[in-house]
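Asker: Take this structure first; my questions come after.
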2 protein chains.
Amino acid sequence: MKKAILLLSVVLISGLVSAQPGLAPKVEPLPEGFKPASTNTFISVYPGVNAQTRQAIFRVSAPDAKTVQLQLGGNHDMKKDENGVWWFTTDPQVVGFHYYSIAIDGVPVMDRGSKAYFGSNWESSGIEIPEGPEGDYYRFNKNIPHGQVRSILYWSAVNGMERHVNVYVPAEYEKNPGKKYPVLYLVHGWGENEDGWSVQGHMANIMDGLIESGKAVPMIIVMPSGDIQTNSDVRQASGNITDIYIKDLIPFIDNTFRTFTDREHRAMAGLSRGGMQTTMTVFSNMDKFAWMGTFSGFFMGGMGRPGTEAPSVETAFNGVFKDPAAFDKQINLLFISTGTEERSPKEQVESLKTHGIKNIVFHESQGTAHEWLTWRRALNDFAPRLFK
Amino acid sequence: MKKAILLLSVVLISGLVSAQPGLAPKVEPLPEGFKPASTNTFISVYPGVNAQTRQAIFRVSAPDAKTVQLQLGGNHDMKKDENGVWWFTTDPQVVGFHYYSIAIDGVPVMDRGSKAYFGSNWESSGIEIPEGPEGDYYRFNKNIPHGQVRSILYWSAVNGMERHVNVYVPAEYEKNPGKKYPVLYLVHGWGENEDGWSVQGHMANIMDGLIESGKAVPMIIVMPSGDIQTNSDVRQASGNITDIYIKDLIPFIDNTFRTFTDREHRAMAGLSRGGMQTTMTVFSNMDKFAWMGTFSGFFMGGMGRPGTEAPSVETAFNGVFKDPAAFDKQINLLFISTGTEERSPKEQVESLKTHGIKNIVFHESQGTAHEWLTWRRALNDFAPRLFK
């Protein structure tokens with residue numbers, strides 16, 4: 001009987017393999033010190049990463065291609081061996097998550113060794129360069145209880161279409177059917193989507209740890225799409241994103257989850273473009289939010305770029321900072337963060353502090369740029385400051 | 001101020017676009033009657049589908065490639081125009097979801113117009129051929145309440161690693177904190193993963209409709225990974241899948257959700273290899289399940305294939321069918337389904353009926369093969385029969 005099961009499962013499997021060579025191909029073993037990246041599909045040996053040297057090795061089988069390039073922080077020519085397999089080993093990389101692609105005869109495509117990570121508005125390859133113990137806060141910890149990320153479709157009247165939202169609830173949520181929770185609205189950046197914070201950002205691991213250790217208050221975290229149009233099928237999508245958040249999303253969440261609905265229990269934050277959406281939304285709805293964060297995000301315009309006006313603390317955002325005491329009375333926390341290797345809003349933060357704003361925190365991620373390690377660190381620093 | 005926001009957002013956006021040309025390229029308009037496939041990324045115009053003719057049109061920009069093929073139920077040579085863009089328009093397709101890939105100079109890769117769908121053990125392209133009103137049961141219905149699909153990591157002691165599981169809870173679950181629910185364990189097939197039922201299968205739309213209309217009992221649906229190893233990073237993964245389901249997953253679910261824990265309130269079903277896992281698991285744990293389904297799945301071995309033994313109803317599965325009355329007393333429903341365009345277990349079903357098994361239902365999906373429309377239809381027919 002066992003033999004029959006085995007035989008038949010082979011038959012079933014081969015029936016499923018159509019044009020795509022889905023069975024794991026036999027490949028060369030990884031060099032000493034390398035292991036498969038955690039971002040690979042589970043059957044993929046390549047790309048491999050070396051935790052000591054922080055190098056990555058890439059492999060593409062393309063016997064008939066004229067050129068193959070690795071696109072990872074620039075274009076790198078891969079080298080073809082006698083079997084038609086192309087190779088490249090990188091210099092040491094910054095730890096954390098990086099997008100990459102493979103260009104076959106000039107066409108940038110996903111490396112089939114990688115799982116898909118939505119970035120730059122397409123399904124991209126990604127590679128995680130492992131970190132030492134410092135990275136424990138964003139890895140799965142089997143010794144603590146775990147929250148859930150809930151995938152939900154809701155109807156947007158503003159937008160005239162269904163929209164997808166991911167909602168993190170803390171582990172204790174199920175066990176306390178009478179308890180209400182504060183809510184953080186957490187938005188992704190341009191080119192990514194509502195899965196970014198939980199997939200690339202490992203937000204559930206970060207929050208599980210912060211809540212279990214008592215560093216952060218148990219909270220619900222709502223991760224919506226930050227794009228007006230989210231479905232290629234619906235070309236007539238319209239509305240502005242602040243309206244969608246305020247008129248459709250917040251009422252839906254407050255109606256679906258056990259939330260506190262007053263402004264003292266509602267925060268909003270976002271990375272990059274999501275930071276811009278946070279300032280747009282919070283500063284025009286001060287009756288609804290008391291906490292906010294912008295990670296590597298737009299802040300106060302200008303930032304010294306030629307061709308952009310640099311508004312003064314008096315005039316920025318329709319004068320929201322004009323009276324520092326009034327601002328501090330309304331906003332309990334204005335958290336602004338950046339990586340040290342990207343353009344910094346440090347000067348703006350200083351000018352706000354000099355102007356007299358007190359409820360402001362500036363966070364810098366050392367050695368990182370506009371990338372996920374910067375944002376994992378920002379969330380890890382930001383979340384414990386909320387709702388206290 | 002608005003100008004500054006616009007200018008800066010352009011600066012931020014361009015800073016994010018590294019090697020990948022993520023901004024939507026200007027492309028040729030779709031031919032009359034075609035619109036972007038619902039399976040596209042939201043900025044992608046191509047591939048396009050024609051709901052009337054059920055044709056699809058594909059576009060790949062690859063000026064330097066020697067050959068480009070569309071791999072969709074076979075290999076189709078695409079034709080290059082004077083701008084280096086390759087084109088192909090298909091014959092009429094079966095409605096529903098189909099995987100496809102693009103081969104650039106012989107290398108099969110994902111089409112960047114498509115979202116990623118895990119199939120054949122890689123991130124594949126997919127295209128949904130729209131159906132008429134018959135398909136309403138698997139589309140989002142804005143007029144009814146919606147359940148949630150919860151993404152959860154749990155620790156497997158059998159396996160020695162964390163595992164991912166998706167759990168559907170009905171819309172009413174949040175509103176009835178004292179109510180318990182029956183549970184269906186629903187498994188994917190070979191080469192797909194635990195997201196398959198909710199992403200390719202639209203199971204939440206199907207269940208929302210069945211529950212709202214009163215056709216199906218409100219139930220929890222647990223969709224685990226059916227692979228032993230699910231993470232490229234963990235090479236030592238071991239254990240057998242039935243042990244993982246029985247010893248790790250079921251206790252975790254019963255401890256985390258408000259479930260009935262007796263066998264009369266627990267069902268298992270799966271498609272393809274998941275059907276095989278269902279028979280392996282249920283028939284060796286008859287004290288834990290009273291309802292079962294196998295969709296396009298392994299059943300009773302053989303099926304007339306040369307080289308495989310065809311066990312008799314007396315001997316199959318260690319004689320579970322030997323005493324038909326005893327079988328019917330234990331199993332309330334044995335649901336077996338298939339598409340008419342794939343290998344059918346019809347003969348086995350007939351032999352079981354002739355043998356005297358009464359609690360058996362056979363479901364055929366007209367005109368479909370080993371594909372998602374077959375399985376959407378199967379779930380839609382199966383779920384209303386459970387827990388009654």
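In the structure tokens, chains take the letters A, B, ... in the order shown, each chain's residues start at 1, and ligands count up from 1 in the order shown.
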Quick one: residues within 10 Å of B:Asn50, only C-alpha atoms, excluding same-chain residues fewer than 3 positions away - as a list in words?

Answerer: Leu30, Pro31, Glu32, Gly33, Phe34, Lys35, Pro36, Ala37, Thr53, Arg54, Gln55, Ala56, Ile57, Pro92, Ile129 and Pro130 of chain B

Asker: Set the distance at 12 Å and use only C-alpha atoms: which residues neighbour A:Met78 once local chain neighbours fewer than 5 positions away are removed? I'd like the list as an MDAnalysis selection string.

Answerer: chainID A and resid 57:62 65:72 84:90 102:105

Asker: Tell me, as a ChimeraX atom specification, which residues lie within 7 Å of stretch 316-333 of chain B, counting only C-alpha atoms; anything in the same chain fewer than 3 positions away does not count.

Answerer: /B:290-292,300,311-313,356-360

Asker: With N, CA and C atoms retained, could you export that selection as a PDB file, in the first residue's frame?

Answerer:
ATOM      1  N   ALA B 290     -14.670  13.352  11.722  1.00  0.00           N
ATOM      2  CA  ALA B 290     -15.883  12.655  11.300  1.00  0.00           C
ATOM      3  C   ALA B 290     -16.319  13.054   9.885  1.00  0.00           C
ATOM      4  N   TRP B 291     -15.593  13.998   9.264  1.00  0.00           N
ATOM      5  CA  TRP B 291     -15.965  14.503   7.943  1.00  0.00           C
ATOM      6  C   TRP B 291     -14.669  14.639   7.124  1.00  0.00           C
ATOM      7  N   MET B 292     -14.740  14.336   5.822  1.00  0.00           N
ATOM      8  CA  MET B 292     -13.510  14.443   5.029  1.00  0.00           C
ATOM      9  C   MET B 292     -13.808  14.686   3.546  1.00  0.00           C
ATOM     10  N   MET B 300      -7.415   5.846  -2.988  1.00  0.00           N
ATOM     11  CA  MET B 300      -7.393   4.389  -3.047  1.00  0.00           C
ATOM     12  C   MET B 300      -6.305   3.827  -3.950  1.00  0.00           C
ATOM     13  N   PRO B 311      -5.827  -1.553  -5.114  1.00  0.00           N
ATOM     14  CA  PRO B 311      -6.307  -2.294  -3.955  1.00  0.00           C
ATOM     15  C   PRO B 311      -7.823  -2.438  -4.003  1.00  0.00           C
ATOM     16  N   SER B 312      -8.298  -3.495  -3.465  1.00  0.00           N
ATOM     17  CA  SER B 312      -9.741  -3.727  -3.444  1.00  0.00           C
ATOM     18  C   SER B 312     -10.358  -2.906  -2.318  1.00  0.00           C
ATOM     19  N   VAL B 313     -11.660  -2.747  -2.357  1.00  0.00           N
ATOM     20  CA  VAL B 313     -12.341  -2.029  -1.285  1.00  0.00           C
ATOM     21  C   VAL B 313     -12.136  -2.743   0.057  1.00  0.00           C
ATOM     22  N   GLY B 356     -21.392  -0.790  -0.541  1.00  0.00           N
ATOM     23  CA  GLY B 356     -22.363  -0.495   0.510  1.00  0.00           C
ATOM     24  C   GLY B 356     -22.101   0.763   1.321  1.00  0.00           C
ATOM     25  N   ILE B 357     -21.030   1.523   0.968  1.00  0.00           N
ATOM     26  CA  ILE B 357     -20.759   2.784   1.675  1.00  0.00           C
ATOM     27  C   ILE B 357     -21.829   3.805   1.267  1.00  0.00           C
ATOM     28  N   LYS B 358     -22.470   4.399   2.238  1.00  0.00           N
ATOM     29  CA  LYS B 358     -23.560   5.339   1.927  1.00  0.00           C
ATOM     30  C   LYS B 358     -23.154   6.806   2.063  1.00  0.00           C
ATOM     31  N   ASN B 359     -22.272   7.125   3.020  1.00  0.00           N
ATOM     32  CA  ASN B 359     -21.943   8.539   3.284  1.00  0.00           C
ATOM     33  C   ASN B 359     -20.870   9.050   2.328  1.00  0.00           C
ATOM     34  N   ILE B 360     -21.117   8.861   1.073  1.00  0.00           N
ATOM     35  CA  ILE B 360     -20.126   9.249   0.066  1.00  0.00           C
ATOM     36  C   ILE B 360     -20.797  10.155  -0.952  1.00  0.00           C
TER      37      ILE B 360
END

Asker: Could you give me the residues within stretch 149-369 of chain B that DSSP places in strand (DSSP E), as an NGL selection string?

Answerer: :B and (149-156 or 161-169 or 183-187 or 220-224 or 266-271 or 291-295 or 333-339 or 360-365)

Asker: Work out how far apart atom CA of A:Pro384 and atom CA of A:Val217 are and give it in Å to one decimal.

Answerer: 6.9 Å

Asker: Within 7 Å of stretch 275-282 of chain A, counting only C-alpha atoms, which residues qualify if same-chain residues fewer than 5 places away don't, as a list in words?

Answerer: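 Counting only the stated atoms, we get Thr242, Met268, Ala269, Gly270, Phe289, Thr294, Phe295, Gly297, Phe298 and Phe299 of chain A.
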
Asker: Residues of stretch 2-211 of chain B in helix (DSSP H, G or I) according to DSSP, as a count of residues only?

Answerer: 39

Asker: As JSON, numbers by chain, please: the residues near stretch 243-250 of chain B (cut-off 9 Å, only C-alpha atoms, same-chain neighbours under 4 positions excluded).

Answerer: {"B": [154, 155, 156, 157, 158, 159, 165, 224, 228, 239, 254, 255, 281, 285, 288]}

Asker: For chain B, which residue among A:Arg163, A:Arg376, A:Arg112, A:Lys180 is the nearest when counting only C-alpha atoms?

Answerer: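 Closest to chain B of all the choices is A:Arg112.
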
Asker: From the options A:Asn176, A:Gln366, A:Gln148, A:Gln200, which residue's atoms come nearest to B:His164, counting only C-alpha atoms?

Answerer: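 Looking at the shortest contact to B:His164, the residue is A:Gln148.
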
Asker: Grab the atom CA of A:Ser151 to atom CA of A:Asn166 distance for me, in Å with one decimal place.

Answerer: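 Between these atoms lies a distance of 4.7 Å.
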